[in-house]
Each structure stands twice: as structure tokens, then as C-alpha cells.
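Source file: model_11.pdb. Holds: PDB, C-alpha atoms and all ligand atoms.
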ATOM      1  CA  MET J   1      59.869  40.918 204.514  1.00  0.00           C
ATOM      2  CA  THR J   2      60.968  40.385 200.936  1.00  0.00           C
ATOM      3  CA  GLN J   3      59.830  43.135 198.571  1.00  0.00           C
ATOM      4  CA  TYR J   4      60.594  42.339 194.961  1.00  0.00           C
ATOM      5  CA  VAL J   5      60.699  44.995 192.265  1.00  0.00           C
ATOM      6  CA  ASP J   6      61.038  44.584 188.501  1.00  0.00           C
ATOM      7  CA  ALA J   7      64.660  44.772 187.307  1.00  0.00           C
ATOM      8  CA  CYS J   8      64.613  43.738 183.625  1.00  0.00           C
ATOM      9  CA  LEU J   9      63.312  41.144 181.213  1.00  0.00           C
ATOM     10  CA  LEU J  10      65.124  37.818 181.365  1.00  0.00           C
ATOM     11  CA  VAL J  11      65.655  37.929 177.578  1.00  0.00           C
ATOM     12  CA  GLU J  12      67.789  41.045 178.094  1.00  0.00           C
ATOM     13  CA  VAL J  13      70.416  38.937 179.891  1.00  0.00           C
ATOM     14  CA  ALA J  14      71.846  36.277 177.594  1.00  0.00           C
ATOM     15  CA  PRO J  15      72.964  33.017 179.216  1.00  0.00           C
ATOM     16  CA  ARG J  16      76.425  33.283 180.836  1.00  0.00           C
ATOM     17  CA  THR J  17      76.334  37.089 180.790  1.00  0.00           C
ATOM     18  CA  ALA J  18      75.404  39.857 183.186  1.00  0.00           C
ATOM     19  CA  LYS J  19      73.525  43.132 182.882  1.00  0.00           C
ATOM     20  CA  ARG J  20      73.738  46.250 185.048  1.00  0.00           C
ATOM     21  CA  VAL J  21      70.360  47.453 186.315  1.00  0.00           C
ATOM     22  CA  MET J  22      69.334  50.206 188.710  1.00  0.00           C
ATOM     23  CA  VAL J  23      66.922  49.091 191.416  1.00  0.00           C
ATOM     24  CA  SER J  24      65.868  51.478 194.173  1.00  0.00           C
ATOM     25  CA  GLY J  25      68.957  53.590 193.516  1.00  0.00           C
ATOM     26  CA  ARG J  26      71.365  50.646 193.672  1.00  0.00           C
ATOM     27  CA  ALA J  27      73.494  49.452 190.762  1.00  0.00           C
ATOM     28  CA  ILE J  28      73.031  45.679 190.657  1.00  0.00           C
ATOM     29  CA  ALA J  29      74.382  43.072 188.258  1.00  0.00           C
ATOM     30  CA  VAL J  30      71.759  40.577 187.113  1.00  0.00           C
ATOM     31  CA  VAL J  31      73.710  37.438 186.231  1.00  0.00           C
ATOM     32  CA  HIS J  32      72.306  34.668 184.049  1.00  0.00           C
ATOM     33  CA  ALA J  33      74.449  31.715 185.057  1.00  0.00           C
ATOM     34  CA  ASP J  34      74.015  28.058 184.157  1.00  0.00           C
ATOM     35  CA  GLU J  35      72.784  27.486 187.727  1.00  0.00           C
ATOM     36  CA  GLY J  36      70.118  30.187 187.480  1.00  0.00           C
ATOM     37  CA  VAL J  37      69.674  33.930 187.783  1.00  0.00           C
ATOM     38  CA  PHE J  38      71.540  35.846 190.496  1.00  0.00           C
ATOM     39  CA  ALA J  39      71.772  39.442 191.676  1.00  0.00           C
ATOM     40  CA  ILE J  40      74.986  40.917 193.080  1.00  0.00           C
ATOM     41  CA  ASP J  41      76.155  44.481 193.704  1.00  0.00           C
ATOM     42  CA  ASP J  42      77.573  45.889 190.503  1.00  0.00           C
ATOM     43  CA  ARG J  43      80.741  47.012 192.224  1.00  0.00           C
ATOM     44  CA  CYS J  44      83.862  44.962 192.787  1.00  0.00           C
ATOM     45  CA  SER J  45      84.992  45.094 196.416  1.00  0.00           C
ATOM     46  CA  HIS J  46      88.600  45.605 195.314  1.00  0.00           C
ATOM     47  CA  ALA J  47      88.000  48.797 193.345  1.00  0.00           C
ATOM     48  CA  ASP J  48      85.032  50.686 192.008  1.00  0.00           C
ATOM     49  CA  VAL J  49      84.466  48.855 188.732  1.00  0.00           C
ATOM     50  CA  SER J  50      81.427  47.113 187.295  1.00  0.00           C
ATOM     51  CA  LEU J  51      81.150  43.372 187.869  1.00  0.00           C
ATOM     52  CA  ALA J  52      78.495  43.178 185.146  1.00  0.00           C
ATOM     53  CA  GLU J  53      81.317  43.687 182.639  1.00  0.00           C
ATOM     54  CA  GLY J  54      83.092  40.583 183.923  1.00  0.00           C
ATOM     55  CA  GLU J  55      82.964  36.974 182.793  1.00  0.00           C
ATOM     56  CA  VAL J  56      80.416  34.496 184.131  1.00  0.00           C
ATOM     57  CA  ASP J  57      82.037  31.167 184.957  1.00  0.00           C
ATOM     58  CA  GLY J  58      79.814  28.536 186.539  1.00  0.00           C
ATOM     59  CA  CYS J  59      78.312  30.022 189.680  1.00  0.00           C
ATOM     60  CA  ALA J  60      80.818  32.892 189.823  1.00  0.00           C
ATOM     61  CA  ILE J  61      81.534  36.193 188.134  1.00  0.00           C
ATOM     62  CA  GLU J  62      85.092  37.301 187.475  1.00  0.00           C
ATOM     63  CA  CYS J  63      86.071  40.957 187.736  1.00  0.00           C
ATOM     64  CA  TRP J  64      87.465  42.167 184.413  1.00  0.00           C
ATOM     65  CA  LEU J  65      90.107  44.420 185.970  1.00  0.00           C
ATOM     66  CA  HIS J  66      92.245  42.173 188.200  1.00  0.00           C
ATOM     67  CA  GLY J  67      90.510  38.807 187.951  1.00  0.00           C
ATOM     68  CA  SER J  68      88.933  38.235 191.360  1.00  0.00           C
ATOM     69  CA  ALA J  69      85.995  35.853 191.108  1.00  0.00           C
ATOM     70  CA  PHE J  70      82.946  36.160 193.386  1.00  0.00           C
ATOM     71  CA  ASP J  71      80.518  33.399 194.336  1.00  0.00           C
ATOM     72  CA  LEU J  72      77.143  34.468 192.979  1.00  0.00           C
ATOM     73  CA  ARG J  73      75.281  32.764 195.830  1.00  0.00           C
ATOM     74  CA  THR J  74      77.089  34.527 198.677  1.00  0.00           C
ATOM     75  CA  GLY J  75      79.220  37.311 197.167  1.00  0.00           C
ATOM     76  CA  THR J  76      82.295  35.715 198.728  1.00  0.00           C
ATOM     77  CA  PRO J  77      85.562  36.383 196.880  1.00  0.00           C
ATOM     78  CA  LEU J  78      87.028  33.130 195.548  1.00  0.00           C
ATOM     79  CA  SER J  79      90.370  34.507 194.413  1.00  0.00           C
ATOM     80  CA  PRO J  80      92.618  37.511 195.144  1.00  0.00           C
ATOM     81  CA  PRO J  81      93.173  40.408 195.082  1.00  0.00           C
ATOM     82  CA  ALA J  82      89.640  41.131 196.403  1.00  0.00           C
ATOM     83  CA  MET J  83      89.254  40.163 200.069  1.00  0.00           C
ATOM     84  CA  ALA J  84      85.816  41.564 200.954  1.00  0.00           C
ATOM     85  CA  PRO J  85      82.503  40.036 199.916  1.00  0.00           C
ATOM     86  CA  VAL J  86      80.074  41.818 197.609  1.00  0.00           C
ATOM     87  CA  PRO J  87      76.424  42.105 198.690  1.00  0.00           C
ATOM     88  CA  THR J  88      73.970  39.781 196.986  1.00  0.00           C
ATOM     89  CA  TYR J  89      70.204  40.129 196.660  1.00  0.00           C
ATOM     90  CA  PRO J  90      67.171  37.855 196.594  1.00  0.00           C
ATOM     91  CA  VAL J  91      66.087  37.392 192.984  1.00  0.00           C
ATOM     92  CA  ARG J  92      63.273  35.589 191.219  1.00  0.00           C
ATOM     93  CA  VAL J  93      61.954  35.184 187.687  1.00  0.00           C
ATOM     94  CA  VAL J  94      58.240  35.716 187.159  1.00  0.00           C
ATOM     95  CA  GLY J  95      56.435  34.663 183.997  1.00  0.00           C
ATOM     96  CA  GLU J  96      57.608  32.641 181.038  1.00  0.00           C
ATOM     97  CA  GLY J  97      59.183  33.007 177.627  1.00  0.00           C
ATOM     98  CA  ASP J  98      59.904  36.487 176.293  1.00  0.00           C
ATOM     99  CA  ALA J  99      57.690  38.007 178.989  1.00  0.00           C
ATOM    100  CA  ALA J 100      59.673  36.548 181.917  1.00  0.00           C
ATOM    101  CA  VAL J 101      60.663  39.345 184.308  1.00  0.00           C
ATOM    102  CA  VAL J 102      63.636  39.346 186.692  1.00  0.00           C
ATOM    103  CA  GLN J 103      62.648  40.763 190.055  1.00  0.00           C
ATOM    104  CA  ILE J 104      65.050  41.734 192.845  1.00  0.00           C
ATOM    105  CA  ASP J 105      64.631  42.582 196.500  1.00  0.00           C
ATOM    106  CA  PRO J 106      67.147  45.444 196.829  1.00  0.00           C
ATOM    107  CA  THR J 107      67.811  44.642 200.486  1.00  0.00           C
ATOM    108  CA  PRO J 108      71.245  42.935 200.531  1.00  0.00           C
ATOM    109  CA  HIS J 109      71.602  39.405 201.886  1.00  0.00           C
ATOM    110  CA  PRO J 110      73.813  39.291 204.942  1.00  0.00           C
ATOM    111  CA  THR J 111      77.312  38.409 203.805  1.00  0.00           C
ATOM    112  CA  PRO J 112      79.933  36.618 205.824  1.00  0.00           C
ATOM    113  CA  ASN J 113      82.380  38.792 207.739  1.00  0.00           C
ATOM    114  CA  ARG J 114      85.794  37.760 206.491  1.00  0.00           C
ATOM    115  CA  GLY J 115      87.729  40.092 208.784  1.00  0.00           C
ATOM    116  CA  ASN J 116      90.411  42.647 207.813  1.00  0.00           C
ATOM    117  CA  GLN J 117      88.402  44.176 204.973  1.00  0.00           C
TER     118      GLN J 117
HETATM  119  S1  LIG L 201      88.967  45.843 190.659  1.00  0.00           S
HETATM  120 FE1  LIG L 201      88.052  43.891 190.738  1.00  0.00          FE
HETATM  121  S2  LIG L 201      89.702  42.567 191.249  1.00  0.00           S
HETATM  122 FE2  LIG L 201      90.582  44.539 191.225  1.00  0.00          FE
END
This entry written out as C-alpha cells:
Amino acid sequence: MTQYVDACLLVEVAPRTAKRVMVSGRAIAVVHADEGVFAIDDRCSHADVSLAEGEVDGCAIECWLHGSAFDLRTGTPLSPPAMAPVPTYPVRVVGEGDAAVVQIDPTPHPTPNRGNQ
């Protein structure tokens, strides 16, 4: 069962940027992409750095350290050197305008097993 909890206000995450939030003890990047709002673990699968500090490009976020991009819908790496997916989370926006709240279910979506990770 999906259990959403408040993560931040939508106005705190400018379009085409990401923000690190803590939800139920997990560091999660809330990403405001052109395609909508996404939630992905705030940890690159290549090394322990914040994805929220990366660049948002379409429906992907690019790690600032070595440039791997991750699909925001699935967490799948789209470019090397990262090989392993990053967990993603169900997310929704409740309310409108400046009062719109981003809510996340901190239970990760299943991610595809890409082998040798
Ligand atoms: S730490 Fe993210 S690609 Fe290397």
C-alpha cells in the first residue's frame, strides 16, 4: 500500500532543478523536470555523491562527478560509468500554487536487475 509523506513545497524546487530532502530517514532527490516531478535516491550508484547536485536534462538527472545520467522514471543508468540503477519512489503533488506539496512514498520502486552490479 502506498503511504505518502510530505517532502517539501513544490515552490522550493525550481523547474529543471533538484532538491535533497530527508523522508523517513532516506535522502531523496526531488526532481522538477519538464515531464513532471520525480523522486530518486539522492546517491549516485557509481560513488556516494548527491544526485540532487546534478543537472536535470529532460527526464534524466546527470551526476555532477563523472557524468552518468539516470532515467528519472526507472532509475536506470543511461550512460557510463554507473552500471547499477538508483531506486526511485512514488511521488505526487497535492494542492495548488504556492501551497502545493510534494509527497513521496519512501518505499523504493522495484528497479530492473541489470546484472554484474
Ligand atoms: S559518482 Fe556519479 S557517475 Fe561517478
message = Excluding stretch 34-42 of chain J and its own-chain neighbours fewer than 2 positions away, which residues fall within 10 Å of it when counting all atoms listed in the file? Please give them as a PyMOL selection string.
response = chain J and resi 7+10+13+15-22+26-32+44-45+48-53+56-61+70-75+85-93+102-106+108-109
Print the selection's residues with C-alpha atoms to a file, as a PDB file, in the coordinates of the input.
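Contents of the output file result.pdb:
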ATOM      1  CA  ALA J   7      64.660  44.772 187.307  1.00  0.00           C
ATOM      2  CA  LEU J  10      65.124  37.818 181.365  1.00  0.00           C
ATOM      3  CA  VAL J  13      70.416  38.937 179.891  1.00  0.00           C
ATOM      4  CA  PRO J  15      72.964  33.017 179.216  1.00  0.00           C
ATOM      5  CA  ARG J  16      76.425  33.283 180.836  1.00  0.00           C
ATOM      6  CA  THR J  17      76.334  37.089 180.790  1.00  0.00           C
ATOM      7  CA  ALA J  18      75.404  39.857 183.186  1.00  0.00           C
ATOM      8  CA  LYS J  19      73.525  43.132 182.882  1.00  0.00           C
ATOM      9  CA  ARG J  20      73.738  46.250 185.048  1.00  0.00           C
ATOM     10  CA  VAL J  21      70.360  47.453 186.315  1.00  0.00           C
ATOM     11  CA  MET J  22      69.334  50.206 188.710  1.00  0.00           C
ATOM     12  CA  ARG J  26      71.365  50.646 193.672  1.00  0.00           C
ATOM     13  CA  ALA J  27      73.494  49.452 190.762  1.00  0.00           C
ATOM     14  CA  ILE J  28      73.031  45.679 190.657  1.00  0.00           C
ATOM     15  CA  ALA J  29      74.382  43.072 188.258  1.00  0.00           C
ATOM     16  CA  VAL J  30      71.759  40.577 187.113  1.00  0.00           C
ATOM     17  CA  VAL J  31      73.710  37.438 186.231  1.00  0.00           C
ATOM     18  CA  HIS J  32      72.306  34.668 184.049  1.00  0.00           C
ATOM     19  CA  CYS J  44      83.862  44.962 192.787  1.00  0.00           C
ATOM     20  CA  SER J  45      84.992  45.094 196.416  1.00  0.00           C
ATOM     21  CA  ASP J  48      85.032  50.686 192.008  1.00  0.00           C
ATOM     22  CA  VAL J  49      84.466  48.855 188.732  1.00  0.00           C
ATOM     23  CA  SER J  50      81.427  47.113 187.295  1.00  0.00           C
ATOM     24  CA  LEU J  51      81.150  43.372 187.869  1.00  0.00           C
ATOM     25  CA  ALA J  52      78.495  43.178 185.146  1.00  0.00           C
ATOM     26  CA  GLU J  53      81.317  43.687 182.639  1.00  0.00           C
ATOM     27  CA  VAL J  56      80.416  34.496 184.131  1.00  0.00           C
ATOM     28  CA  ASP J  57      82.037  31.167 184.957  1.00  0.00           C
ATOM     29  CA  GLY J  58      79.814  28.536 186.539  1.00  0.00           C
ATOM     30  CA  CYS J  59      78.312  30.022 189.680  1.00  0.00           C
ATOM     31  CA  ALA J  60      80.818  32.892 189.823  1.00  0.00           C
ATOM     32  CA  ILE J  61      81.534  36.193 188.134  1.00  0.00           C
ATOM     33  CA  PHE J  70      82.946  36.160 193.386  1.00  0.00           C
ATOM     34  CA  ASP J  71      80.518  33.399 194.336  1.00  0.00           C
ATOM     35  CA  LEU J  72      77.143  34.468 192.979  1.00  0.00           C
ATOM     36  CA  ARG J  73      75.281  32.764 195.830  1.00  0.00           C
ATOM     37  CA  THR J  74      77.089  34.527 198.677  1.00  0.00           C
ATOM     38  CA  GLY J  75      79.220  37.311 197.167  1.00  0.00           C
ATOM     39  CA  PRO J  85      82.503  40.036 199.916  1.00  0.00           C
ATOM     40  CA  VAL J  86      80.074  41.818 197.609  1.00  0.00           C
ATOM     41  CA  PRO J  87      76.424  42.105 198.690  1.00  0.00           C
ATOM     42  CA  THR J  88      73.970  39.781 196.986  1.00  0.00           C
ATOM     43  CA  TYR J  89      70.204  40.129 196.660  1.00  0.00           C
ATOM     44  CA  PRO J  90      67.171  37.855 196.594  1.00  0.00           C
ATOM     45  CA  VAL J  91      66.087  37.392 192.984  1.00  0.00           C
ATOM     46  CA  ARG J  92      63.273  35.589 191.219  1.00  0.00           C
ATOM     47  CA  VAL J  93      61.954  35.184 187.687  1.00  0.00           C
ATOM     48  CA  VAL J 102      63.636  39.346 186.692  1.00  0.00           C
ATOM     49  CA  GLN J 103      62.648  40.763 190.055  1.00  0.00           C
ATOM     50  CA  ILE J 104      65.050  41.734 192.845  1.00  0.00           C
ATOM     51  CA  ASP J 105      64.631  42.582 196.500  1.00  0.00           C
ATOM     52  CA  PRO J 106      67.147  45.444 196.829  1.00  0.00           C
ATOM     53  CA  PRO J 108      71.245  42.935 200.531  1.00  0.00           C
ATOM     54  CA  HIS J 109      71.602  39.405 201.886  1.00  0.00           C
TER      55      HIS J 109
END
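Minimum distance to ligand LIG 201 (chain L) across J:Ala84, J:Val94, J:Ala100, J:Cys63 (counting only C-alpha atoms and all ligand atoms) occurs at J:Cys63.
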query = ligand LIG 201 (chain L): which residues are within 6 Å, counting only C-alpha atoms and all ligand atoms, as a PyMOL selection string?
reply = chain J and resi 44+46-47+49+63+65-68+81-82
Å distance separating atom CA of J:Ala69 from atom CA of J:Thr107, one decimal place =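 Here the two named atoms are 22.3 Å from each other.
Here atom CA of J:Arg43 and atom CA of J:Val11 stand 22.9 Å from one another.
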ask   = Please, what distance in Å, to one decimal, runs between atom CA of J:Thr2 and atom CA of J:Gly95?
value =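 It comes out at 18.4 Å.
Of the residues under consideration (J:Ala99, J:Trp64, J:Tyr4, J:Leu9), J:Tyr4 shows the shortest atom-to-atom contact distance to J:Val23 when counting all atoms listed in the file.
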If you keep N, CA and C atoms, can you output stretch 1-39 of chain J as an mmCIF file, in the first residue's frame?
data_model
loop_
_atom_site.group_PDB
_atom_site.id
_atom_site.type_symbol
_atom_site.label_atom_id
_atom_site.label_comp_id
_atom_site.auth_asym_id
_atom_site.auth_seq_id
_atom_site.Cartn_x
_atom_site.Cartn_y
_atom_site.Cartn_z
ATOM 1 N N MET J 1 0.842 -1.192 0.000
ATOM 2 C CA MET J 1 0.000 0.000 0.000
ATOM 3 C C MET J 1 0.883 1.250 0.000
ATOM 4 N N THR J 2 0.506 2.202 -0.824
ATOM 5 C CA THR J 2 1.287 3.429 -0.935
ATOM 6 C C THR J 2 0.993 4.346 0.245
ATOM 7 N N GLN J 3 2.057 4.800 0.901
ATOM 8 C CA GLN J 3 1.916 5.686 2.060
ATOM 9 C C GLN J 3 2.743 6.937 1.814
ATOM 10 N N TYR J 4 2.077 7.986 1.365
ATOM 11 C CA TYR J 4 2.794 9.214 1.047
ATOM 12 C C TYR J 4 3.044 10.050 2.293
ATOM 13 N N VAL J 5 4.212 10.691 2.325
ATOM 14 C CA VAL J 5 4.521 11.638 3.388
ATOM 15 C C VAL J 5 5.016 12.931 2.741
ATOM 16 N N ASP J 6 4.801 14.043 3.440
ATOM 17 C CA ASP J 6 5.228 15.342 2.915
ATOM 18 C C ASP J 6 6.751 15.386 2.786
ATOM 19 N N ALA J 7 7.228 15.916 1.653
ATOM 20 C CA ALA J 7 8.677 16.018 1.423
ATOM 21 C C ALA J 7 9.125 17.481 1.404
ATOM 22 N N CYS J 8 8.401 18.320 0.675
ATOM 23 C CA CYS J 8 8.748 19.747 0.576
ATOM 24 C C CYS J 8 7.629 20.446 -0.182
ATOM 25 N N LEU J 9 7.723 21.762 -0.242
ATOM 26 C CA LEU J 9 6.810 22.523 -1.092
ATOM 27 C C LEU J 9 7.334 22.490 -2.522
ATOM 28 N N LEU J 10 6.430 22.431 -3.484
ATOM 29 C CA LEU J 10 6.862 22.410 -4.880
ATOM 30 C C LEU J 10 7.649 23.675 -5.236
ATOM 31 N N VAL J 11 7.287 24.812 -4.651
ATOM 32 C CA VAL J 11 7.977 26.069 -4.978
ATOM 33 C C VAL J 11 9.431 26.064 -4.515
ATOM 34 N N GLU J 12 9.789 25.110 -3.659
ATOM 35 C CA GLU J 12 11.183 25.008 -3.209
ATOM 36 C C GLU J 12 12.081 24.351 -4.262
ATOM 37 N N VAL J 13 11.471 23.767 -5.290
ATOM 38 C CA VAL J 13 12.242 23.059 -6.317
ATOM 39 C C VAL J 13 11.966 23.746 -7.658
ATOM 40 N N ALA J 14 12.852 24.621 -8.056
ATOM 41 C CA ALA J 14 12.649 25.359 -9.306
ATOM 42 C C ALA J 14 12.609 24.386 -10.482
ATOM 43 N N PRO J 15 11.905 24.742 -11.545
ATOM 44 C CA PRO J 15 11.890 23.882 -12.734
ATOM 45 C C PRO J 15 13.307 23.568 -13.209
ATOM 46 N N ARG J 16 13.505 22.305 -13.623
ATOM 47 C CA ARG J 16 14.788 21.795 -14.120
ATOM 48 C C ARG J 16 15.892 21.813 -13.058
ATOM 49 N N THR J 17 15.469 21.685 -11.782
ATOM 50 C CA THR J 17 16.446 21.531 -10.703
ATOM 51 C C THR J 17 15.982 20.396 -9.795
ATOM 52 N N ALA J 18 16.835 20.090 -8.826
ATOM 53 C CA ALA J 18 16.510 19.057 -7.850
ATOM 54 C C ALA J 18 16.826 19.566 -6.453
ATOM 55 N N LYS J 19 16.184 18.950 -5.476
ATOM 56 C CA LYS J 19 16.401 19.333 -4.073
ATOM 57 C C LYS J 19 16.508 18.068 -3.238
ATOM 58 N N ARG J 20 17.497 18.030 -2.360
ATOM 59 C CA ARG J 20 17.662 16.902 -1.435
ATOM 60 C C ARG J 20 16.697 17.072 -0.272
ATOM 61 N N VAL J 21 15.942 16.008 0.022
ATOM 62 C CA VAL J 21 15.048 16.004 1.177
ATOM 63 C C VAL J 21 15.324 14.722 1.968
ATOM 64 N N MET J 22 14.945 14.741 3.227
ATOM 65 C CA MET J 22 15.022 13.545 4.061
ATOM 66 C C MET J 22 13.599 13.082 4.333
ATOM 67 N N VAL J 23 13.301 11.854 3.941
ATOM 68 C CA VAL J 23 11.972 11.292 4.153
ATOM 69 C C VAL J 23 12.148 9.922 4.804
ATOM 70 N N SER J 24 11.605 9.774 5.981
ATOM 71 C CA SER J 24 11.697 8.510 6.721
ATOM 72 C C SER J 24 13.143 8.009 6.788
ATOM 73 N N GLY J 25 14.066 8.925 7.021
ATOM 74 C CA GLY J 25 15.470 8.565 7.174
ATOM 75 C C GLY J 25 16.220 8.341 5.877
ATOM 76 N N ARG J 26 15.560 8.523 4.736
ATOM 77 C CA ARG J 26 16.216 8.335 3.449
ATOM 78 C C ARG J 26 16.503 9.699 2.822
ATOM 79 N N ALA J 27 17.684 9.826 2.222
ATOM 80 C CA ALA J 27 18.000 11.023 1.443
ATOM 81 C C ALA J 27 17.478 10.799 0.033
ATOM 82 N N ILE J 28 16.564 11.653 -0.390
ATOM 83 C CA ILE J 28 15.895 11.508 -1.686
ATOM 84 C C ILE J 28 16.005 12.830 -2.442
ATOM 85 N N ALA J 29 16.257 12.727 -3.739
ATOM 86 C CA ALA J 29 16.273 13.915 -4.592
ATOM 87 C C ALA J 29 14.889 14.094 -5.204
ATOM 88 N N VAL J 30 14.263 15.232 -4.900
ATOM 89 C CA VAL J 30 13.021 15.609 -5.577
ATOM 90 C C VAL J 30 13.439 16.377 -6.823
ATOM 91 N N VAL J 31 13.000 15.896 -7.981
ATOM 92 C CA VAL J 31 13.443 16.483 -9.250
ATOM 93 C C VAL J 31 12.243 17.077 -9.977
ATOM 94 N N HIS J 32 12.367 18.347 -10.310
ATOM 95 C CA HIS J 32 11.298 19.060 -11.029
ATOM 96 C C HIS J 32 11.696 19.143 -12.500
ATOM 97 N N ALA J 33 11.332 18.102 -13.227
ATOM 98 C CA ALA J 33 11.674 18.026 -14.650
ATOM 99 C C ALA J 33 10.538 18.598 -15.493
ATOM 100 N N ASP J 34 10.819 18.799 -16.779
ATOM 101 C CA ASP J 34 9.772 19.282 -17.680
ATOM 102 C C ASP J 34 8.600 18.305 -17.728
ATOM 103 N N GLU J 35 8.896 17.009 -17.576
ATOM 104 C CA GLU J 35 7.868 15.972 -17.664
ATOM 105 C C GLU J 35 7.102 15.784 -16.356
ATOM 106 N N GLY J 36 7.496 16.481 -15.301
ATOM 107 C CA GLY J 36 6.799 16.346 -14.033
ATOM 108 C C GLY J 36 7.775 16.282 -12.876
ATOM 109 N N VAL J 37 7.253 15.869 -11.727
ATOM 110 C CA VAL J 37 8.065 15.790 -10.514
ATOM 111 C C VAL J 37 8.388 14.322 -10.258
ATOM 112 N N PHE J 38 9.668 14.059 -9.942
ATOM 113 C CA PHE J 38 10.141 12.699 -9.713
ATOM 114 C C PHE J 38 10.902 12.644 -8.393
ATOM 115 N N ALA J 39 11.026 11.413 -7.867
ATOM 116 C CA ALA J 39 11.794 11.199 -6.647
ATOM 117 C C ALA J 39 12.745 10.032 -6.887
#
